[in-house]
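What follows is one structure encoded as structure tokens, with my remarks underneath.
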Amino acid sequence: MNQNTQEKVFIKSFSEYGDAIFRFCIVKVSNIDLAEDMTQEVFTRYWQYLRNGKEMTNTRSFLYTIANNMAKDWYKKKKSDSLDEKMESGNIPKDMSASPETVAEYQEVLDNIEDMEQKDKEVLLLKHVEGLDPKDIAEVLEETANTISVRLNRATKRLQQQLGI
């Protein structure tokens, strides 16, 4: 692949996945500045991968895997603050067009997800916030799609119980 083709592939990938990777990073680290840095690093690594002449079959999964691994590394270095504290300090943008009831319901769900075990939280956010299917989640988390489906089902049931649904 020549440099011009590499640049086109990179720009297309950034256009398609840049915002989603940024949102994923925000959810993982609850800090806009850090999420921006992580997103930049994800795409820097992706660019290096392309520059080395490597091609890939699933760019989306590749990018999420890099972002997920970076978040894991970050957690190893520093324990994150709670999502509530970040929202109160303004580090998580709120949808201003939503009704107060919708924002409150969304916040309640996020609060309950935040209190769940990391494995449950991870699959629920990837599925419902990022819109990944179990196969893509499995690639990101390096597990089987069947395992992810079971985890999603069990985590959803636990969340429903917590919310009284």
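For the structure tokens, the naming scheme is as follows: chains receive sequential letters (A, B, ...) according to their order of presentation, residues are indexed from 1 within each chain, and ligands are indexed from 1 in presentation order.
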
Near A:Tyr46, within 12 Å and counting only C-alpha atoms, which residues show up once chain neighbours fewer than 6 positions away are dropped, as a short mmCIF file (atom, residue, chain, number, x, y, z; two decimals) with N, CA and C atoms, in the first residue's frame?
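Below is the file that was written, part-v6.cif:
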data_model
loop_
_atom_site.label_atom_id
_atom_site.label_comp_id
_atom_site.auth_asym_id
_atom_site.auth_seq_id
_atom_site.Cartn_x
_atom_site.Cartn_y
_atom_site.Cartn_z
N GLN A 6 -2.41 4.78 2.10
CA GLN A 6 -2.38 4.70 3.55
C GLN A 6 -3.07 5.91 4.18
N GLU A 7 -2.78 7.09 3.65
CA GLU A 7 -3.38 8.31 4.18
C GLU A 7 -4.90 8.29 4.00
N VAL A 9 -6.86 5.62 3.76
CA VAL A 9 -7.40 4.62 4.67
C VAL A 9 -7.44 5.18 6.09
N PHE A 10 -6.36 5.85 6.49
CA PHE A 10 -6.30 6.43 7.83
C PHE A 10 -7.38 7.49 8.02
N ILE A 11 -7.49 8.40 7.07
CA ILE A 11 -8.48 9.48 7.17
C ILE A 11 -9.90 8.92 7.22
N SER A 13 -10.79 5.92 8.28
CA SER A 13 -10.95 5.26 9.58
C SER A 13 -11.15 6.27 10.69
N PHE A 14 -10.37 7.35 10.66
CA PHE A 14 -10.52 8.37 11.70
C PHE A 14 -11.90 9.01 11.62
N TYR A 17 -14.46 6.29 12.95
CA TYR A 17 -14.34 5.76 14.30
C TYR A 17 -13.79 6.73 15.34
N GLY A 18 -13.32 7.88 14.93
CA GLY A 18 -12.69 8.82 15.86
C GLY A 18 -13.58 9.20 17.03
N THR A 39 -7.20 8.92 22.67
CA THR A 39 -7.70 8.81 21.29
C THR A 39 -6.59 9.14 20.30
N GLN A 40 -5.86 10.20 20.59
CA GLN A 40 -4.74 10.57 19.73
C GLN A 40 -3.71 9.44 19.67
N ASN A 52 3.76 0.58 8.55
CA ASN A 52 4.59 -0.62 8.48
C ASN A 52 4.11 -1.58 7.41
N GLY A 53 3.11 -1.16 6.63
CA GLY A 53 2.63 -1.95 5.51
C GLY A 53 1.67 -3.06 5.88
N LYS A 54 1.17 -3.04 7.09
CA LYS A 54 0.25 -4.09 7.53
C LYS A 54 -1.18 -3.72 7.15
N GLU A 55 -1.93 -4.72 6.79
CA GLU A 55 -3.34 -4.52 6.48
C GLU A 55 -4.15 -5.28 7.51
N MET A 56 -5.39 -4.86 7.70
CA MET A 56 -6.21 -5.51 8.70
C MET A 56 -7.59 -5.80 8.15
N THR A 59 -10.83 -3.01 11.20
CA THR A 59 -10.24 -1.79 11.75
C THR A 59 -10.92 -1.39 13.05
N ARG A 60 -12.23 -1.47 13.09
CA ARG A 60 -13.00 -1.07 14.28
C ARG A 60 -12.54 -1.84 15.51
N SER A 61 -12.48 -3.14 15.41
CA SER A 61 -12.05 -3.96 16.54
C SER A 61 -10.61 -3.67 16.93
N PHE A 62 -9.76 -3.45 15.92
CA PHE A 62 -8.36 -3.12 16.17
C PHE A 62 -8.25 -1.85 17.00
N LEU A 63 -8.99 -0.81 16.62
CA LEU A 63 -8.95 0.47 17.33
C LEU A 63 -9.48 0.33 18.76
N TYR A 64 -10.59 -0.39 18.92
CA TYR A 64 -11.15 -0.59 20.26
C TYR A 64 -10.21 -1.41 21.13
N THR A 65 -9.52 -2.36 20.55
CA THR A 65 -8.57 -3.17 21.31
C THR A 65 -7.43 -2.30 21.82
N ILE A 66 -6.90 -1.43 20.96
CA ILE A 66 -5.84 -0.52 21.39
C ILE A 66 -6.35 0.36 22.53
N ALA A 67 -7.54 0.95 22.35
CA ALA A 67 -8.10 1.85 23.37
C ALA A 67 -8.34 1.10 24.68
#

Check your understanding: Can you tell me, as a VMD selection string, what residues are no more than 12 Å from A:Asp37 when counting only C-alpha atoms, ignoring any on the same chain fewer than 2 positions away?
Key -> chain A and resid 21 to 22 25 to 26 29 31 to 35 39 to 44 67 70 to 71 74

Serialized selection, C-alpha atoms, as a PDB file, in the first residue's frame:
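Written file, part-v6.pdb:
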ATOM      1  CA  ILE A  21     -13.135   5.808  20.184  1.00  0.00           C
ATOM      2  CA  PHE A  22     -13.151   9.152  22.020  1.00  0.00           C
ATOM      3  CA  CYS A  25     -12.124   6.459  26.200  1.00  0.00           C
ATOM      4  CA  ILE A  26     -14.264   8.972  28.122  1.00  0.00           C
ATOM      5  CA  VAL A  29     -11.334   7.034  32.144  1.00  0.00           C
ATOM      6  CA  ASN A  31     -11.692  12.541  31.914  1.00  0.00           C
ATOM      7  CA  ILE A  32     -12.000  14.529  28.688  1.00  0.00           C
ATOM      8  CA  ASP A  33      -8.342  15.589  28.483  1.00  0.00           C
ATOM      9  CA  LEU A  34      -7.088  12.072  29.114  1.00  0.00           C
ATOM     10  CA  ALA A  35      -9.637  10.643  26.663  1.00  0.00           C
ATOM     11  CA  THR A  39      -7.705   8.806  21.295  1.00  0.00           C
ATOM     12  CA  GLN A  40      -4.742  10.570  19.730  1.00  0.00           C
ATOM     13  CA  GLU A  41      -2.440   7.755  20.848  1.00  0.00           C
ATOM     14  CA  VAL A  42      -4.835   5.097  19.484  1.00  0.00           C
ATOM     15  CA  PHE A  43      -4.749   6.686  16.057  1.00  0.00           C
ATOM     16  CA  THR A  44      -0.995   7.286  16.249  1.00  0.00           C
ATOM     17  CA  ALA A  67      -8.097   1.848  23.371  1.00  0.00           C
ATOM     18  CA  MET A  70      -4.540   1.701  27.011  1.00  0.00           C
ATOM     19  CA  ALA A  71      -7.373   2.089  29.522  1.00  0.00           C
ATOM     20  CA  TRP A  74      -4.010   3.579  32.858  1.00  0.00           C
TER      21      TRP A  74
END

Spatial neighbours of stretch 146-158 of chain A, max dist 10 Å, only C-alpha atoms, sep filter under 3 positions, as an mmCIF file with C-alpha atoms, in the first residue's frame:
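File written: around_29.cif
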data_model
loop_
_atom_site.group_PDB
_atom_site.id
_atom_site.type_symbol
_atom_site.label_atom_id
_atom_site.label_comp_id
_atom_site.auth_asym_id
_atom_site.auth_seq_id
_atom_site.Cartn_x
_atom_site.Cartn_y
_atom_site.Cartn_z
ATOM 1 C CA ASN A 112 -25.867 1.515 38.613
ATOM 2 C CA ILE A 113 -23.479 0.399 35.883
ATOM 3 C CA MET A 116 -21.185 -3.075 38.997
ATOM 4 C CA GLU A 117 -18.174 -5.351 38.756
ATOM 5 C CA LYS A 119 -16.408 -7.248 33.809
ATOM 6 C CA ASP A 120 -20.139 -6.442 33.825
ATOM 7 C CA LYS A 121 -19.531 -2.725 33.400
ATOM 8 C CA GLU A 122 -17.172 -3.296 30.491
ATOM 9 C CA VAL A 123 -19.519 -5.438 28.376
ATOM 10 C CA LEU A 124 -22.591 -3.289 29.098
ATOM 11 C CA LEU A 126 -19.348 -1.618 24.931
ATOM 12 C CA LYS A 127 -22.750 -3.004 23.953
ATOM 13 C CA ASP A 133 -22.075 -6.487 18.840
ATOM 14 C CA PRO A 134 -20.903 -9.498 20.898
ATOM 15 C CA LYS A 135 -18.476 -10.593 18.172
ATOM 16 C CA ASP A 136 -16.723 -7.196 18.158
ATOM 17 C CA ILE A 137 -16.737 -7.041 21.960
ATOM 18 C CA ALA A 138 -15.158 -10.486 22.002
ATOM 19 C CA GLU A 139 -12.348 -9.272 19.742
ATOM 20 C CA LEU A 141 -11.690 -8.154 25.136
ATOM 21 C CA GLU A 142 -9.927 -11.160 23.596
ATOM 22 C CA GLU A 143 -12.640 -13.629 24.563
ATOM 23 C CA GLN A 161 -32.525 -6.270 39.233
ATOM 24 C CA GLN A 162 -30.631 -3.248 40.569
ATOM 25 C CA LEU A 163 -33.005 -0.898 38.746
ATOM 26 C CA GLY A 164 -36.091 -2.861 39.835
ATOM 27 C CA ILE A 165 -37.148 -3.622 36.269
#

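Here the question is which of A:Lys12, A:Asn69, A:Lys28, A:Asp19 gets nearest to A:Trp47 using only C-alpha atoms, and that residue is A:Lys12.
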
**Study point:** Residues near A:Glu130, cut-off 8 Å, only C-alpha atoms, skip fewer than 2 positions along chain, as a list in words
**Key:** Ala20, Arg23, Phe24, Leu125, Leu126, Lys127, His128 and Leu132 of chain A

Would you output that residue set with N, CA and C atoms, as a PDB file, in the first residue's frame?
ATOM      1  N   ALA A  20     -16.305   7.693  18.143  1.00  0.00           N
ATOM      2  CA  ALA A  20     -16.667   6.522  18.950  1.00  0.00           C
ATOM      3  C   ALA A  20     -15.512   6.109  19.870  1.00  0.00           C
ATOM      4  N   ARG A  23     -15.444   8.606  22.699  1.00  0.00           N
ATOM      5  CA  ARG A  23     -16.504   8.328  23.680  1.00  0.00           C
ATOM      6  C   ARG A  23     -16.141   7.116  24.537  1.00  0.00           C
ATOM      7  N   PHE A  24     -15.616   6.091  23.886  1.00  0.00           N
ATOM      8  CA  PHE A  24     -15.203   4.884  24.601  1.00  0.00           C
ATOM      9  C   PHE A  24     -14.147   5.237  25.659  1.00  0.00           C
ATOM     10  N   LEU A 125     -21.188  -1.333  28.726  1.00  0.00           N
ATOM     11  CA  LEU A 125     -20.829  -0.074  28.074  1.00  0.00           C
ATOM     12  C   LEU A 125     -20.462  -0.288  26.605  1.00  0.00           C
ATOM     13  N   LEU A 126     -19.709  -1.341  26.326  1.00  0.00           N
ATOM     14  CA  LEU A 126     -19.348  -1.618  24.931  1.00  0.00           C
ATOM     15  C   LEU A 126     -20.586  -1.921  24.092  1.00  0.00           C
ATOM     16  N   LYS A 127     -21.535  -2.632  24.676  1.00  0.00           N
ATOM     17  CA  LYS A 127     -22.750  -3.004  23.953  1.00  0.00           C
ATOM     18  C   LYS A 127     -23.705  -1.822  23.800  1.00  0.00           C
ATOM     19  N   HIS A 128     -24.027  -1.169  24.917  1.00  0.00           N
ATOM     20  CA  HIS A 128     -25.113  -0.201  24.901  1.00  0.00           C
ATOM     21  C   HIS A 128     -24.676   1.244  24.693  1.00  0.00           C
ATOM     22  N   LEU A 132     -21.391  -1.902  20.059  1.00  0.00           N
ATOM     23  CA  LEU A 132     -20.674  -3.046  19.494  1.00  0.00           C
ATOM     24  C   LEU A 132     -21.502  -4.313  19.663  1.00  0.00           C
TER      25      LEU A 132
END

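Coordinates place atom CA of A:Val129 at a distance of 19.7 Å from atom CA of A:Asn58.
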